[in-house]
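Below is protein_39.cif, holding mmCIF, C-alpha atoms.
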```cif
data_query
loop_
_atom_site.label_atom_id
_atom_site.label_comp_id
_atom_site.auth_asym_id
_atom_site.auth_seq_id
_atom_site.Cartn_x
_atom_site.Cartn_y
_atom_site.Cartn_z
CA MET A 27 131.85 306.38 -113.24
CA GLU A 28 129.93 304.26 -115.66
CA ALA A 29 133.18 303.35 -117.39
CA ALA A 30 134.64 302.18 -114.09
CA SER A 31 131.55 300.05 -113.40
CA CYS A 32 131.76 298.48 -116.81
CA SER A 33 135.43 297.72 -116.32
CA ALA A 34 134.71 296.05 -112.96
CA ALA A 35 131.88 293.97 -114.44
CA ALA A 36 134.09 292.94 -117.30
CA ALA A 37 136.81 291.95 -114.89
CA ASN A 38 134.38 289.92 -112.78
CA GLY A 39 133.05 288.23 -115.91
CA ALA A 40 136.56 287.32 -116.98
CA VAL A 41 137.29 285.85 -113.56
CA GLY A 42 134.02 283.87 -113.67
CA SER A 43 134.83 282.57 -117.12
CA GLN A 44 138.27 281.47 -116.00
CA ARG A 45 136.72 279.72 -112.97
CA ASP A 46 134.18 277.97 -115.20
CA ARG A 47 136.94 276.89 -117.57
CA SER A 48 138.98 275.55 -114.65
CA LEU A 49 135.98 273.50 -113.46
CA VAL A 50 135.46 271.85 -116.83
CA PRO A 51 138.37 269.39 -116.46
CA GLU A 52 137.20 268.54 -112.94
CA ARG A 53 133.69 267.75 -114.16
CA LEU A 54 135.02 265.75 -117.05
CA GLN A 55 137.35 263.85 -114.75
CA ARG A 56 134.54 263.12 -112.30
CA ARG A 57 132.29 261.91 -115.09
CA GLU A 58 135.06 259.70 -116.41
CA GLN A 59 135.57 258.20 -112.96
CA GLU A 60 131.84 257.56 -112.61
CA ARG A 61 131.79 255.98 -116.06
CA GLN A 62 134.72 253.71 -115.20
CA LEU A 63 133.08 252.71 -111.93
CA GLU A 64 129.87 251.85 -113.74
CA VAL A 65 131.80 249.82 -116.32
CA GLU A 66 133.59 247.95 -113.52
CA ARG A 67 130.33 247.35 -111.67
CA ARG A 68 128.69 245.90 -114.77
CA LYS A 69 131.75 243.79 -115.45
CA GLN A 70 131.71 242.42 -111.90
CA LYS A 71 127.98 241.74 -112.12
CA ARG A 72 128.49 239.87 -115.40
CA GLN A 73 131.34 237.85 -113.93
CA ASN A 74 129.27 236.96 -110.86
CA GLN A 75 126.41 235.91 -113.09
CA GLU A 76 128.74 233.75 -115.16
CA VAL A 77 130.10 232.12 -112.00
CA GLU A 78 126.58 231.39 -110.75
CA GLU A 79 125.63 229.97 -114.15
CA GLU A 80 128.72 227.76 -114.09
CA LYS A 81 127.84 226.57 -110.58
CA SER A 82 124.25 225.91 -111.65
CA ASP A 83 125.41 223.97 -114.71
CA PHE A 84 127.80 221.93 -112.56
CA PHE A 85 125.03 221.24 -110.04
CA ALA A 86 122.59 220.16 -112.75
CA ALA A 87 125.11 217.75 -114.27
CA ALA A 88 126.23 216.33 -110.92
CA PHE A 89 122.67 216.00 -109.64
CA ALA A 90 121.49 214.23 -112.80
CA ARG A 91 124.45 211.83 -112.67
CA GLU A 92 123.99 210.93 -108.99
CA ARG A 93 120.22 210.75 -109.32
CA ALA A 94 120.52 208.26 -112.17
CA ALA A 95 122.94 206.15 -110.11
CA VAL A 96 120.54 206.09 -107.14
CA GLU A 97 117.57 205.22 -109.35
CA GLU A 98 119.51 202.35 -110.93
CA LEU A 99 120.41 200.97 -107.49
CA LEU A 100 116.79 201.22 -106.36
CA GLU A 101 115.46 199.53 -109.49
CA SER A 102 117.98 196.69 -109.60
CA GLY A 103 118.75 196.37 -105.89
CA GLU A 104 118.09 192.81 -104.72
CA SER A 105 119.92 193.02 -101.41
CA MET A 106 120.08 195.28 -98.39
CA GLU A 107 123.74 196.02 -99.24
CA GLN A 108 122.69 197.60 -102.52
CA LEU A 109 120.01 199.63 -100.76
CA ASP A 110 122.57 200.75 -98.19
CA GLU A 111 124.73 201.98 -101.08
CA ALA A 112 121.71 203.80 -102.51
CA ALA A 113 121.08 205.40 -99.11
CA ALA A 114 124.70 206.55 -98.87
CA ARG A 115 124.59 208.07 -102.35
CA LEU A 116 121.26 209.65 -101.53
CA GLN A 117 122.87 211.39 -98.55
CA GLY A 118 125.57 212.68 -100.90
CA LEU A 119 122.84 213.95 -103.21
CA GLN A 120 121.19 215.71 -100.28
CA LYS A 121 124.49 217.39 -99.41
CA LEU A 122 124.84 218.52 -103.03
CA VAL A 123 121.45 220.23 -102.81
CA ASN A 124 122.29 221.78 -99.43
CA ASP A 125 125.53 223.25 -100.78
CA ALA A 126 123.69 224.70 -103.80
CA VAL A 127 121.10 226.60 -101.76
CA LEU A 128 123.07 229.86 -101.87
CA PHE A 129 123.20 230.14 -105.66
CA LEU A 130 120.42 227.95 -107.01
CA ALA A 131 117.19 229.50 -108.29
CA ALA A 132 114.12 228.83 -106.16
CA TYR A 133 112.46 226.76 -108.89
CA ASP A 134 115.54 224.56 -109.40
CA LEU A 135 115.90 224.16 -105.63
CA ARG A 136 112.30 223.04 -105.31
CA GLN A 137 112.67 220.55 -108.18
CA GLY A 138 115.78 219.07 -106.58
CA GLN A 139 114.14 218.72 -103.17
CA GLU A 140 111.03 217.13 -104.62
CA ALA A 141 113.21 214.61 -106.50
CA LEU A 142 115.01 213.80 -103.24
CA THR A 143 111.69 213.27 -101.46
CA ARG A 144 110.55 210.81 -104.12
CA LEU A 145 113.83 208.90 -103.98
CA GLN A 146 113.70 208.68 -100.18
CA ALA A 147 110.15 207.31 -100.33
CA THR A 148 111.17 204.77 -102.97
CA LEU A 149 114.13 203.69 -100.84
CA ALA A 150 111.83 203.12 -97.85
CA GLU A 151 109.46 201.07 -100.00
CA ARG A 152 112.28 198.91 -101.42
CA ARG A 153 113.60 198.26 -97.91
CA GLN A 154 110.13 197.15 -96.85
CA GLU A 155 109.87 194.83 -99.87
CA LEU A 156 113.15 193.13 -98.99
CA GLN A 157 112.25 192.57 -95.36
CA PRO A 158 111.21 189.02 -94.37
CA LYS A 159 107.56 188.42 -95.04
CA LYS A 160 105.89 188.39 -91.65
CA ARG A 161 102.40 189.13 -90.56
CA PHE A 162 102.49 192.23 -88.41
CA ALA A 163 99.43 193.73 -86.82
CA PHE A 164 98.35 195.90 -83.98
CA LYS A 165 98.73 194.05 -80.71
CA THR A 166 95.50 192.83 -79.16
CA ARG A 167 96.95 193.14 -75.67
CA ARG A 168 96.65 196.93 -75.49
CA LYS A 169 98.36 197.31 -72.16
CA ASP A 170 101.53 195.51 -73.27
CA ALA A 171 101.71 197.46 -76.52
CA VAL A 172 101.48 200.78 -74.75
CA SER A 173 103.96 200.00 -71.99
CA ALA A 174 106.65 199.21 -74.56
CA THR A 175 106.44 202.64 -76.19
CA THR A 176 105.07 205.18 -73.73
CA VAL A 177 106.02 206.62 -70.37
CA ASP A 178 104.12 208.45 -67.63
CA ALA A 179 100.79 207.51 -69.19
CA ALA A 180 98.12 204.87 -68.93
CA PRO A 181 96.26 205.01 -72.24
CA GLY A 182 92.83 203.63 -72.86
CA PRO A 183 91.97 201.22 -75.67
CA ALA A 184 91.32 203.96 -78.23
CA ALA A 185 94.78 205.44 -77.75
CA ALA A 186 96.51 202.07 -77.74
CA GLU A 187 95.13 201.21 -81.16
CA GLY A 188 97.17 204.01 -82.63
CA ILE A 189 100.60 202.79 -81.56
CA LEU A 190 102.60 201.17 -84.34
CA ALA A 191 105.04 198.39 -83.53
CA PHE A 192 106.73 197.30 -86.77
CA SER A 193 103.37 197.42 -88.49
CA PRO A 194 102.77 197.40 -92.26
CA PRO A 195 103.43 200.63 -94.17
CA LEU A 196 100.88 203.33 -93.47
CA LYS A 197 98.86 203.95 -96.59
CA GLU A 198 96.56 206.79 -97.50
CA GLU A 199 94.30 207.08 -100.47
CA GLY A 200 96.26 208.06 -103.53
CA GLY A 201 99.62 206.99 -102.13
CA GLY A 202 99.87 210.03 -99.92
CA ILE A 203 102.13 210.99 -97.09
CA GLY A 204 102.08 207.57 -95.42
CA SER A 205 103.44 205.60 -98.35
CA GLY A 206 106.63 203.70 -97.64
CA PHE A 207 107.05 204.66 -93.98
CA VAL A 208 107.06 201.68 -91.62
CA PHE A 209 107.88 202.99 -88.17
CA GLY A 210 106.24 205.45 -85.82
CA PHE A 211 102.99 206.43 -84.11
CA SER A 212 99.54 207.14 -85.51
CA ASN A 213 96.10 208.13 -84.19
CA VAL A 214 97.13 208.79 -80.57
CA GLU A 215 95.77 211.41 -78.21
CA SER A 216 97.11 212.84 -74.92
CA GLN A 217 100.00 210.37 -74.55
CA VAL A 218 103.75 210.51 -73.93
CA LEU A 219 105.47 208.45 -76.65
CA GLU A 220 109.14 207.44 -76.84
CA LYS A 221 111.56 205.58 -79.09
CA ARG A 222 115.16 204.72 -78.22
CA ALA A 223 118.39 204.79 -80.22
CA GLU A 224 118.42 201.08 -81.09
CA GLU A 225 114.92 201.37 -82.54
CA LEU A 226 115.54 204.62 -84.43
CA HIS A 227 118.97 204.14 -85.98
CA GLN A 228 118.73 205.14 -89.67
CA ARG A 229 115.03 204.32 -89.77
CA ASP A 230 112.39 206.33 -91.63
CA VAL A 231 109.92 207.61 -89.05
CA LEU A 232 106.31 208.71 -89.59
CA LEU A 233 104.19 210.43 -86.94
CA THR A 234 100.67 211.15 -88.05
CA GLU A 235 97.32 212.26 -86.62
CA LEU A 236 98.59 212.91 -83.10
CA SER A 237 96.76 215.21 -80.70
CA LYS A 238 98.13 216.74 -77.50
CA CYS A 239 100.99 214.23 -77.39
CA THR A 240 104.62 214.56 -76.30
CA VAL A 241 106.97 212.53 -78.50
CA ARG A 242 110.62 211.94 -77.59
CA LEU A 243 112.89 210.27 -80.13
CA TYR A 244 116.26 209.50 -78.52
CA GLY A 245 118.44 208.56 -81.47
CA ASN A 246 119.41 209.06 -85.09
CA PRO A 247 116.63 208.48 -87.66
CA ASN A 248 117.26 208.71 -91.38
CA THR A 249 114.15 210.79 -92.13
CA LEU A 250 111.30 212.13 -90.02
CA ARG A 251 107.82 213.18 -91.10
CA LEU A 252 105.16 214.71 -88.86
CA ALA A 253 101.69 215.12 -90.36
CA LYS A 254 98.28 216.21 -89.08
CA ALA A 255 99.48 216.90 -85.54
CA ARG A 256 97.57 219.20 -83.18
CA GLY A 257 98.98 220.69 -80.00
CA CYS A 258 101.94 218.28 -79.84
CA THR A 259 105.53 218.55 -78.63
CA LEU A 260 108.13 216.64 -80.68
CA LEU A 261 111.73 216.25 -79.46
CA CYS A 262 114.07 214.43 -81.80
CA GLY A 263 117.77 213.63 -81.95
CA PRO A 264 119.79 214.33 -85.13
CA VAL A 265 118.09 213.28 -88.37
CA SER A 266 120.60 212.33 -91.06
CA THR A 267 118.64 213.78 -93.98
CA SER A 268 115.23 215.47 -94.03
CA VAL A 269 112.47 216.49 -91.67
CA PHE A 270 109.03 217.14 -93.20
CA LEU A 271 106.22 218.88 -91.36
CA GLU A 272 102.78 219.01 -92.96
CA ASP A 273 99.30 220.11 -91.92
CA CYS A 274 100.17 220.73 -88.26
CA SER A 275 99.12 223.41 -85.80
CA ASP A 276 99.96 224.67 -82.31
CA CYS A 277 103.00 222.40 -82.01
CA VAL A 278 106.50 222.74 -80.53
CA LEU A 279 109.42 220.94 -82.18
CA ALA A 280 113.11 220.50 -81.42
CA VAL A 281 114.82 218.91 -84.43
CA ALA A 282 118.31 218.74 -85.97
CA CYS A 283 118.63 217.77 -89.64
CA GLN A 284 120.14 218.49 -93.04
CA GLN A 285 116.93 219.87 -94.49
CA LEU A 286 113.64 221.07 -93.01
CA ARG A 287 110.49 221.62 -95.03
CA VAL A 288 107.28 222.92 -93.46
CA HIS A 289 104.03 222.85 -95.43
CA THR A 290 100.46 223.99 -94.62
CA THR A 291 101.31 224.49 -90.94
CA ARG A 292 100.40 227.30 -88.55
CA ASP A 293 101.22 228.65 -85.09
CA THR A 294 104.18 226.36 -84.46
CA ARG A 295 107.52 226.94 -82.74
CA ILE A 296 110.58 225.12 -84.11
CA PHE A 297 113.87 224.88 -82.21
CA LEU A 298 116.13 224.04 -85.10
CA GLN A 299 119.59 222.96 -86.14
CA VAL A 300 119.83 222.69 -89.93
CA THR A 301 122.81 222.66 -92.29
CA SER A 302 120.87 224.04 -95.27
CA ARG A 303 118.06 226.58 -95.29
CA ALA A 304 114.68 225.75 -93.84
CA ILE A 305 111.75 226.05 -96.24
CA VAL A 306 108.17 227.05 -95.43
CA GLU A 307 105.26 226.92 -97.84
CA ASP A 308 101.59 227.77 -97.31
CA CYS A 309 102.31 228.46 -93.63
CA SER A 310 101.57 231.14 -91.05
CA GLY A 311 102.72 231.91 -87.52
CA ILE A 312 105.91 229.81 -87.69
CA GLN A 313 108.63 230.83 -85.19
CA PHE A 314 112.24 229.66 -85.21
CA ALA A 315 114.90 229.42 -82.50
CA PRO A 316 118.19 227.48 -82.11
CA TYR A 317 118.05 223.78 -81.20
CA THR A 318 118.46 223.33 -77.45
CA TRP A 319 117.26 219.81 -76.60
CA SER A 320 119.81 217.40 -75.17
CA TYR A 321 119.90 213.90 -73.72
CA PRO A 322 122.55 211.33 -72.71
CA GLY A 323 124.19 209.98 -75.87
CA ILE A 324 123.29 212.85 -78.18
CA ASP A 325 126.97 213.48 -79.05
CA LYS A 326 127.30 209.92 -80.33
CA ASP A 327 124.08 210.29 -82.32
CA PHE A 328 125.38 213.50 -83.94
CA GLU A 329 128.58 211.71 -84.94
CA GLY A 330 126.60 208.89 -86.50
CA SER A 331 124.26 211.25 -88.32
CA GLY A 332 126.98 212.99 -90.31
CA LEU A 333 125.60 216.44 -89.44
CA ASP A 334 128.03 219.30 -88.91
CA ARG A 335 127.18 220.65 -85.45
CA SER A 336 129.19 223.81 -86.08
CA LYS A 337 126.88 224.78 -88.95
CA ASN A 338 123.39 225.95 -88.07
CA ASN A 339 121.21 228.06 -90.39
CA TRP A 340 118.22 228.05 -88.05
CA ASN A 341 117.30 231.65 -88.90
CA ASP A 342 117.92 231.44 -92.67
CA VAL A 343 114.47 230.53 -93.99
CA ASP A 344 113.02 230.48 -97.51
CA ASP A 345 109.30 231.13 -97.88
CA PHE A 346 108.14 229.82 -101.26
CA ASN A 347 105.02 231.99 -100.98
CA TRP A 348 106.95 235.21 -100.39
CA LEU A 349 109.18 236.36 -103.24
CA ALA A 350 109.87 239.96 -102.13
CA ARG A 351 113.54 239.97 -101.19
CA ASP A 352 113.53 243.45 -99.66
CA THR A 353 110.64 242.74 -97.25
CA ALA A 354 110.52 240.08 -94.56
CA SER A 355 107.94 237.33 -94.94
CA PRO A 356 104.94 237.73 -92.63
CA ASN A 357 104.56 233.95 -92.41
CA TRP A 358 107.54 233.23 -90.13
CA SER A 359 109.61 235.06 -87.53
CA ILE A 360 112.40 234.68 -84.98
CA LEU A 361 111.24 233.56 -81.55
CA PRO A 362 112.24 236.29 -79.04
CA GLU A 363 115.08 235.25 -76.73
CA GLU A 364 112.98 235.72 -73.61
CA GLU A 365 110.57 233.07 -74.93
CA ARG A 366 113.23 230.45 -75.75
CA THR A 367 113.64 229.04 -72.24
CA VAL A 368 111.85 225.70 -72.32
CA GLN A 369 111.82 222.92 -69.73
CA TRP A 370 111.90 219.96 -72.10
CA ASP A 371 111.69 217.18 -69.49
#
```
As structure tokens, the full file:
Amino acid sequence: MEAASCSAAAANGAVGSQRDRSLVPERLQRREQERQLEVERRKQKRQNQEVEEEKSDFFAAAFARERAAVEELLESGESMEQLDEAAARLQGLQKLVNDAVLFLAAYDLRQGQEALTRLQATLAERRQELQPKKRFAFKTRRKDAVSATTVDAAPGPAAAEGILAFSPPLKEEGGGIGSGFVFGFSNVESQVLEKRAEELHQRDVLLTELSKCTVRLYGNPNTLRLAKARGCTLLCGPVSTSVFLEDCSDCVLAVACQQLRVHTTRDTRIFLQVTSRAIVEDCSGIQFAPYTWSYPGIDKDFEGSGLDRSKNNWNDVDDFNWLARDTASPNWSILPEEERTVQWD
């Protein structure tokens, strides 16, 4: 009996050994496949990295070359034609940055955008220098000044003082945000303010220190900057290059542009069309939705702006204060669809 049991155990052991031996090639084969997959994955990662490095190197060289050309035009430009050429090349430089957003490191992207901002400010200053020397000042006839630029409002003297009509460049201590901008509204409260296409075309627009105002810009500016606004609504046609928003709160904007940058702003809704990524920095409570404002002639303004209406990255936002890629930034969000219905006019 014991002999039979031993024989059965031996037989079972032999079968188990044969099974184990038959599994060895399978395990080896599986390990080899996993090894090959890992090798291929590392190879692909290395190739992708090399491609990105090549793109970054190309961008750096192209950006430096075009930047030098623009700087030379701005330094030596003695005519509006030369400044127009600088503006055209500056738009090409902006497009180069926009196209590089997907592969460029955040630091390099920020450096490029800051360089563009400085060049745009210098361009505005050079244009102002070449304009005929005239003495411009705030109009003493407040009623006439207001009626030319506002609708549905009858402002008092304090509000009228803030309306700019081809006034000198706005300056702040230390050459701040107002430097070089020559067109817009400043220090106005509880008014409806408008500019038309013939006034806006390829102009650099500054709106600063507005409170509880509605601003409608029917046309195609070159750049737009809104600073120190409280409880305002801003509706703007297509902006050829950049829109800057700084130190604002409780505002609603509808803007279309190549680049949007929002800084030190809170509790603001932005209805956006942008061909590159929007950027927020030191912000909170920012909500984004697609651009929905329209007005007669907007199609013509889009054509003149050079913006691609089929490309809109309104919900692709970079937060320079939030580097965690696997967690959404708490500083901005998508405006729910049920809250996007707005009666603009």
Residue members of the PyMOL selection byres ((chain A and resi 275) around 8) in the file shown, as a PDB file with C-alpha atoms, in the coordinates of the input:
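Listed below is the output, out.pdb:
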```pdb
ATOM      1  CA  LYS A 254      98.280 216.210 -89.080  1.00  0.00           C
ATOM      2  CA  ALA A 255      99.480 216.900 -85.540  1.00  0.00           C
ATOM      3  CA  ARG A 256      97.570 219.200 -83.180  1.00  0.00           C
ATOM      4  CA  GLY A 257      98.980 220.690 -80.000  1.00  0.00           C
ATOM      5  CA  ASP A 273      99.300 220.110 -91.920  1.00  0.00           C
ATOM      6  CA  CYS A 274     100.170 220.730 -88.260  1.00  0.00           C
ATOM      7  CA  ASP A 276      99.960 224.670 -82.310  1.00  0.00           C
ATOM      8  CA  CYS A 277     103.000 222.400 -82.010  1.00  0.00           C
ATOM      9  CA  THR A 291     101.310 224.490 -90.940  1.00  0.00           C
ATOM     10  CA  ARG A 292     100.400 227.300 -88.550  1.00  0.00           C
ATOM     11  CA  ASP A 293     101.220 228.650 -85.090  1.00  0.00           C
ATOM     12  CA  THR A 294     104.180 226.360 -84.460  1.00  0.00           C
TER      13      THR A 294
END
```
Inset, instruction - Write out as JSON, numbers by chain which residues come within 9 Å of segment 98-112 of chain A when counting only C-alpha atoms, dropping same-chain ones fewer than 4 positions away. - result: {"A": [93, 94, 116, 117, 145, 148, 149, 152, 153, 156, 157]}
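Within 7 Å of the point (116.3, 227.8, -78.4) in file coordinates, and counting only C-alpha atoms, lie the residues Phe297, Ala315, Pro316, Tyr317, Thr318, Arg366 and Thr367 of chain A.
Counting from atom CA of Leu261 of chain A, the distance to atom CA of Glu365 of chain A is 17.5 Å.
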Legend entry - Close residues, Ser268 of chain A itself excluded, 10 Å, all atoms listed in the file, min 4 positions apart in chain, as an MDAnalysis selection string: chainID A and resid 117 120 139 142:143 146 230 247:251 282:287 300
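A straight line drawn from atom CA of Glu220 of chain A to atom CA of Asp371 of chain A is 12.5 Å long.
Atom CA of Arg295 of chain A is positioned 12.3 Å from atom CA of Asn357 of chain A.
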Legend entry - Long-range neighbours of Phe328 of chain A as JSON, numbers by chain, 9 Å cut-off, all atoms listed in the file, 2 positions minimum in chain: {"A": [245, 246, 263, 264, 265, 266, 323, 324, 325, 326, 330, 331, 332, 333, 334, 335]}
Inset, instruction - Quick one: apply the PyMOL selection byres ((chain A and resi 302) around 10) to the file and drop the selected residues here as JSON, numbers by chain. - result: {"A": [120, 121, 123, 124, 125, 126, 127, 128, 283, 284, 285, 286, 299, 300, 301, 303, 304, 305, 337, 338, 339, 340, 342, 343]}
Could those selected residues go to a file with C-alpha atoms, as a compact mmCIF listing (two decimals), in the frame of the given file?
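part-v4.txt, freshly written:
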```
# COMPACT_ATOMS: atom_id res chain seq x y z
CA GLN A 120 121.19 215.71 -100.28
CA LYS A 121 124.49 217.39 -99.41
CA VAL A 123 121.45 220.23 -102.81
CA ASN A 124 122.29 221.78 -99.43
CA ASP A 125 125.53 223.25 -100.78
CA ALA A 126 123.69 224.70 -103.80
CA VAL A 127 121.10 226.60 -101.76
CA LEU A 128 123.07 229.86 -101.87
CA CYS A 283 118.63 217.77 -89.64
CA GLN A 284 120.14 218.49 -93.04
CA GLN A 285 116.93 219.87 -94.49
CA LEU A 286 113.64 221.07 -93.01
CA GLN A 299 119.59 222.96 -86.14
CA VAL A 300 119.83 222.69 -89.93
CA THR A 301 122.81 222.66 -92.29
CA ARG A 303 118.06 226.58 -95.29
CA ALA A 304 114.68 225.75 -93.84
CA ILE A 305 111.75 226.05 -96.24
CA LYS A 337 126.88 224.78 -88.95
CA ASN A 338 123.39 225.95 -88.07
CA ASN A 339 121.21 228.06 -90.39
CA TRP A 340 118.22 228.05 -88.05
CA ASP A 342 117.92 231.44 -92.67
CA VAL A 343 114.47 230.53 -93.99
```
Legend entry - Shortest interatomic distance to Leu226 of chain A - which of A:Val214, A:Leu243, A:Cys258, A:Ile360, counting all atoms listed in the file: A:Leu243
Inset, instruction - Name the residues captured by the PyMOL selection byres ((chain A and resi 348) around 12) when it is applied to the shown file; answer as a PyMOL selection string. - result: chain A and resi 132+305-310+343-347+349-358
